[in-house]
Protein chains: 2
Amino acid sequence: MTEDRLARAGLSRLAEPGDVRIAQVVAQVGAPHLYDDVLARRAADLAADAAGRLEGLDPAGELERAERAGIRYVIPGDPEWPDQLDDLAHAGSVQELGGVPLGLWVRGPVRLDEVRDSVAVVGSRSSTTYGEDVARDLGAGIARAGLAHVSGAAFGIDQASHRGALAAGGVSVAVLACGVDRAYPAAHHALLEHLAGHGAVVSEVPPGCAPLRMRFLARNRIIAGLARGTVLVEAALRSGALNTASWANGLSRPLMGVPGAVTSAQSQGVHQLLRQGAGLVTGPTDVLEQIGVAGEHLVDPPRGPERQRDRLSRRHHQVLEAVPVHRSVGLRALATTAGINLRETQVALSYLAEHGFVTQADGGWRLGERALADLR
Amino acid sequence: MTEDRLARAGLSRLAEPGDVRIAQVVAQVGAPHLYDDVLARRAADLAADAAGRLEGLDPAGELERAERAGIRYVIPGDPEWPDQLDDLAHAGSVQELGGVPLGLWVRGPVRLDEVRDSVAVVGSRSSTTYGEDVARDLGAGIARAGLAHVSGAAFGIDQASHRGALAAGGVSVAVLACGVDRAYPAAHHALLEHLAGHGAVVSEVPPGCAPLRMRFLARNRIIAGLARGTVLVEAALRSGALNTASWANGLSRPLMGVPGAVTSAQSQGVHQLLRQGAGLVTGPTDVLEQIGVAGEHLVDPPRGPERQRDRLSRRHHQVLEAVPVHRSVGLRALATTAGINLRETQVALSYLAEHGFVTQADGGWRLGERALADLR
């Protein structure tokens with residue numbers, strides 16, 4: 001355990017993330033020097049700010065406890081450190097926050113140095129079905145192209161794009177404004193556990209820390225900083241997602257936006273960005289093009305039938321579950337079994353048929369090849 | 001009747017619109033000279049092309065018949081000539097068509113020299129409800145800003161934007177690919193008659209001519225050429241509306257596009273244009289800004305009650321006509337009289353009530369102040 005790691009862990013407990021002064025001083029004199037100064041109350045400003053936090057400070061113990069909890073602390077210079085974050089040193093500040101993070105607390109099997117080729121998908125918490133569908137497609141397309149997907153962990157766009165990336169078997173990374181051992185929002189506990197099990201959950205603030213407004217703003221620069229480009233799917237005017245967009249601009253990395261209906265408040269912020277020069281993207285292919293990755297990997301790689309089935313929506317599953325294995329059944333009976341109205345059942349069947357899960361037979365519907373493969 | 005007018009009328013009968021050679025020769029030697037050459041079979045190419053049309057050619061008689069039918073032939077040099085079309089001489093060609101038109105056949109009270117401050121709204125025939133709503137708003141907003149509205153006469157976006165402009169009491173101009181005495185599509189007979197009665201119906205081809213594919217393409221340059229800027233509302237990839245967009249670009253005039261859902265095929269062509277640099281607009285205010293007109297006129301100017309009534313839709317009129325003058329009547333009776341179902345009658349009544357045309361009384365509906373003012 002190096003002195004630098006201990007100092008950074010200590011400072012990350014003492015200071016709020018995105019403190020530009022600290023990032024600058026650390027860059028100049030090194031973390032251990034600043035940490036010693038704070039402990040000796042010589043770094044006047046920070047020491048005063050951190051006074052209440054000095055008591056019981058135990059970075060060595062904290063790092064050990066984190067390790068036992070499956071959480072590692074990745075700092076600049078570590079083989080796992082994602083170098084692309086170093087660009088934050090020259091990316092200015094947004095709302096007075098900025099700078100290279102002291103380190104990142106990480107849960108999950110994905111190594112951060114392997115997420116260099118990544119795309120961030122961000123957007124509104126109060127998204128529309130349209131926005132969520134688009135976000136899911138983007139997450140899946142990014143994953144299929146072999147790129148990592150980065151987002152927050154909020155409701156709406158964040159969630160939908162993670163789900164898309166995960167469903168496509170891709171690498172997905174969530175950057176949190178709270179400790180990586182906390183689930184915020186609580187409803188995303190399962191999603192975060194899944195990401196910690198298969199991707200990575202990352203935070204600049206130490207385990208146990210609560211999400212605060214300023215921490216979200218500071219967090220946004222990590223999302224934009226990890227990714228080669230950032231896509232904004234839906235955002236009302238004044239949406240927090242626009243803050244992440246500012247970071248992509250500050251980093252001079254591709255900022256992209258997905259247009260929507262001009263009658264949708266959730267697209268107004270995106271349209272504003274598009275007018276200001278963000279790249280208009282309508283799907284994964286456009287995104288790959290704008291970040292300079294060829295689109296040839298976009299074609300679905302061969303995959304097992306389970307995977308395909310995983311990609312169905314809940315509604316599709318409901319209808320598919322209602323189709324008997326060895327005989328065909330009429331639309332009305334199917335709708336009754338599925339507990340869905342006729343029209344929606346018909347829509348779901350069309351989709352399922354198009355993808356080979358069901359097929360028409362004897363004036364009704366039965367399971368198709370792809371669904372049968374699932375049963376073998 | 002000048003020699004120039006006769007020659008141009010004759011040539012417009014002999015040649016197809018948008019013939020760049022003819023526009024160039026006319027610019028060089030004048031229409032009478034070319035016309036004489038054609039009649040004398042000296043202009044080899046054109047004379048050969050026009051051979052079948054020379055027989056029975058009678059421009060003087062044609063101009064007289066047109067005048068009797070309320071159709072005038074406006075040519076360059078006329079006080080009514082819209083000078084902005086002269087820019088077509090330097091706007092290149094699109095699909096081998098181009099050039100300043102020989103003249104324009106016009107029906108309607110609006111003078112073409114008064115449509116200098118105009119905006120073209122174009123788009124797909126197979127539009128979505130979304131596109132039509134946006135087109136209607138744009139037409140209305142353009143009209144309220146005191147600008148003329150220019151479009152074709154097709155189903156979908158063209159129709160919706162005309163209706164918006166007309167409902168707002170504005171000047172609306174339809175440019176046709178057939179003679180101005182013909183209704184194409186036939187279902188738009190009433191719309192075209194209304195435009196001929198209150199706005200202007202314009203064509204480069206003489207009365208009686210049928211709409212041909214090439215004539216639509218040639219027509220598109222007149223739409224873009226009349227307007228200060230062109231807005232594309234919805235267009236699939238390869239839509240004809242993209243041809244009009246090319247003309248706006250060729251004329252170096254503002255080309256604007258309305259974004260939509262990336263899942264809508266009808267927005268794909270627009271998104272393509274936006275990526276290529278067209279201005280993203282979300283409503284009339286954006287359009288005014290992009291063509292350099294301040295938005296202060298957007299507020300409804302004060303207007304007489306007749307005007308207000310003129311702005312009602314046919315459906316609203318049907319319902320309003322069914323409301324008795326001196327007593328109130330129930331919803332069901334109203335619907336029966338209007339010949340419209342209950343739900344639509346209710347919707348129309350809500351609109352009419354909101355605008356003061358009807359009011360609730362004695363458990364039914366009677367005429368409101370605004371409608372009564374009409375009767376005085």
# chains A, B, ... in the order shown; residues from 1 in each chain; ligands from 1

call {"tool": "residues_around", "arguments": {"residues": "Leu11 (chain B)", "least_positions_apart": "3", "cutoff": "9 Å", "atoms": "only C-alpha atoms", "output": "number ranges by chain"}}
result
B: 6-8, 14-16, 22, 31, 34-35, 38, 59, 102

call {"tool": "residues_around", "arguments": {"residues": "Val150 (chain B)", "least_positions_apart": "2", "cutoff": "9 Å", "atoms": "only C-alpha atoms", "output": "list in words"}}
result
Val115, Ser118, Val119, Ala120, Val121, Val122, Gly139, Ala148, Gly152, Asp158, Ser161, His162, Val171, Ser172, Val173, Ala174, Val175, Ile223, Ala224, Leu226, Ala227 and Thr230 of chain B

call {"tool": "write_last_selection", "arguments": {"atoms": "N, CA and C atoms", "output": "compact mmCIF listing (two decimals), in the first residue's frame"}}
result
# COMPACT_ATOMS: atom_id res chain seq x y z
N VAL B 115 -45.21 38.56 -52.23
CA VAL B 115 -44.85 37.37 -51.46
C VAL B 115 -43.33 37.26 -51.28
N SER B 118 -41.61 35.56 -47.60
CA SER B 118 -42.40 34.32 -47.51
C SER B 118 -41.52 33.17 -47.06
N VAL B 119 -42.18 32.15 -46.55
CA VAL B 119 -41.49 30.94 -46.12
C VAL B 119 -42.16 29.76 -46.79
N ALA B 120 -41.38 28.85 -47.33
CA ALA B 120 -41.93 27.63 -47.92
C ALA B 120 -41.92 26.52 -46.88
N VAL B 121 -43.03 25.84 -46.78
CA VAL B 121 -43.11 24.67 -45.90
C VAL B 121 -43.42 23.47 -46.79
N VAL B 122 -42.54 22.51 -46.81
CA VAL B 122 -42.74 21.35 -47.67
C VAL B 122 -42.48 20.07 -46.89
N GLY B 139 -47.42 26.85 -40.54
CA GLY B 139 -48.21 27.68 -41.45
C GLY B 139 -48.86 28.83 -40.71
N ALA B 148 -45.86 35.56 -46.02
CA ALA B 148 -46.64 34.68 -46.88
C ALA B 148 -46.13 33.25 -46.75
N GLY B 152 -46.66 23.35 -51.98
CA GLY B 152 -47.30 22.71 -53.10
C GLY B 152 -48.78 22.55 -52.78
N ASP B 158 -47.99 19.59 -47.22
CA ASP B 158 -48.42 20.75 -48.01
C ASP B 158 -49.80 21.21 -47.53
N SER B 161 -49.90 22.64 -43.88
CA SER B 161 -49.34 23.97 -43.67
C SER B 161 -50.22 25.04 -44.31
N HIS B 162 -50.82 24.73 -45.48
CA HIS B 162 -51.79 25.68 -46.06
C HIS B 162 -52.92 25.93 -45.08
N VAL B 171 -51.61 34.87 -45.89
CA VAL B 171 -51.49 34.74 -47.34
C VAL B 171 -50.84 33.40 -47.65
N SER B 172 -51.52 32.59 -48.44
CA SER B 172 -50.98 31.27 -48.76
C SER B 172 -50.92 31.09 -50.27
N VAL B 173 -49.80 30.57 -50.75
CA VAL B 173 -49.57 30.42 -52.17
C VAL B 173 -49.24 28.96 -52.48
N ALA B 174 -49.99 28.38 -53.43
CA ALA B 174 -49.70 27.00 -53.84
C ALA B 174 -49.07 27.03 -55.22
N VAL B 175 -47.95 26.35 -55.38
CA VAL B 175 -47.31 26.25 -56.69
C VAL B 175 -47.56 24.83 -57.21
N ILE B 223 -41.04 26.89 -55.79
CA ILE B 223 -41.39 26.98 -54.36
C ILE B 223 -40.21 27.55 -53.58
N ALA B 224 -39.04 26.94 -53.76
CA ALA B 224 -37.86 27.42 -53.03
C ALA B 224 -37.46 28.81 -53.49
N LEU B 226 -39.41 31.29 -54.61
CA LEU B 226 -40.29 32.35 -54.14
C LEU B 226 -40.00 32.71 -52.68
N ALA B 227 -39.54 31.72 -51.89
CA ALA B 227 -39.47 31.90 -50.44
C ALA B 227 -38.10 32.39 -49.97
N THR B 230 -36.79 27.78 -46.71
CA THR B 230 -37.61 26.58 -46.89
C THR B 230 -37.50 25.68 -45.67

call {"tool": "closest_atom_pairs", "arguments": {"of": "chain A", "to": "chain B", "cutoff": "12 Å", "atoms": "only C-alpha atoms", "output": "CSV"}}
result
residue,atom,partner,partner_atom,distance
A:Thr128,CA,B:Ala261,CA,11.6
A:Thr129,CA,B:Ala261,CA,11.5
A:Tyr130,CA,B:Ala261,CA,7.8
A:Gly131,CA,B:Ala261,CA,9.1
A:Asp133,CA,B:Thr263,CA,9.3
A:Val134,CA,B:Val262,CA,8.1
A:Ala135,CA,B:Val262,CA,11.4
A:Asp137,CA,B:Thr263,CA,10.8
A:Leu138,CA,B:Val262,CA,11.8
A:Val233,CA,B:Val262,CA,10.8
A:Glu234,CA,B:Ala261,CA,11.2
A:Met256,CA,B:Arg275,CA,11.2
A:Gly257,CA,B:Val262,CA,11.0
A:Val258,CA,B:Val262,CA,7.4
A:Pro259,CA,B:Pro259,CA,5.9
A:Gly260,CA,B:Ala261,CA,4.3
A:Ala261,CA,B:Gly260,CA,4.3
A:Val262,CA,B:Thr282,CA,5.3
A:Thr263,CA,B:Thr282,CA,8.1
A:Ser264,CA,B:Gly260,CA,9.6
A:Ala265,CA,B:Thr282,CA,11.2
A:Gln266,CA,B:Ala261,CA,11.9
A:Ser267,CA,B:Gly260,CA,9.5
A:Gln268,CA,B:Thr282,CA,8.6
A:Gly269,CA,B:Thr282,CA,11.5
A:Val270,CA,B:Pro259,CA,10.7
A:His271,CA,B:Leu280,CA,7.5
A:Gln272,CA,B:Leu280,CA,8.9
A:Leu273,CA,B:Leu280,CA,10.3
A:Leu274,CA,B:Leu280,CA,7.5
A:Arg275,CA,B:Leu280,CA,6.0
A:Gln276,CA,B:Leu280,CA,9.8
A:Gly277,CA,B:Gly277,CA,9.6
A:Ala278,CA,B:Arg275,CA,9.8
A:Gly279,CA,B:Arg275,CA,7.2
A:Leu280,CA,B:Arg275,CA,6.0
A:Val281,CA,B:Arg275,CA,8.4
A:Thr282,CA,B:Val262,CA,5.2
A:Gly283,CA,B:Val262,CA,7.7
A:Pro284,CA,B:Val262,CA,11.5
A:Asp286,CA,B:Arg275,CA,10.4
A:Gln290,CA,B:Arg275,CA,11.3

call {"tool": "select_by_dssp", "arguments": {"residues": "region 34-254 of chain B", "states": "strand (DSSP E)", "output": "JSON, numbers by chain"}}
result
{"B": [71, 72, 73, 74, 93, 94, 97, 98, 104, 105, 106, 107, 118, 119, 120, 121, 122, 148, 149, 150, 151, 172, 173, 174, 175, 176, 200, 201, 202, 203, 229, 230, 231, 232]}

call {"tool": "atom_distance", "arguments": {"atom1": "CA of Tyr184 (chain B)", "atom2": "CA of Glu321 (chain B)"}}
result
29.4 Å

call {"tool": "residues_around", "arguments": {"residues": "Gly108 (chain A)", "least_positions_apart": "2", "cutoff": "10 Å", "atoms": "only C-alpha atoms", "output": "number ranges by chain"}}
result
A: 70-72, 106, 110-112, 173, 180, 192-202

call {"tool": "atom_distance", "arguments": {"atom1": "CA of Gly225 (chain A)", "atom2": "CA of Gln84 (chain A)"}}
result
6.5 Å
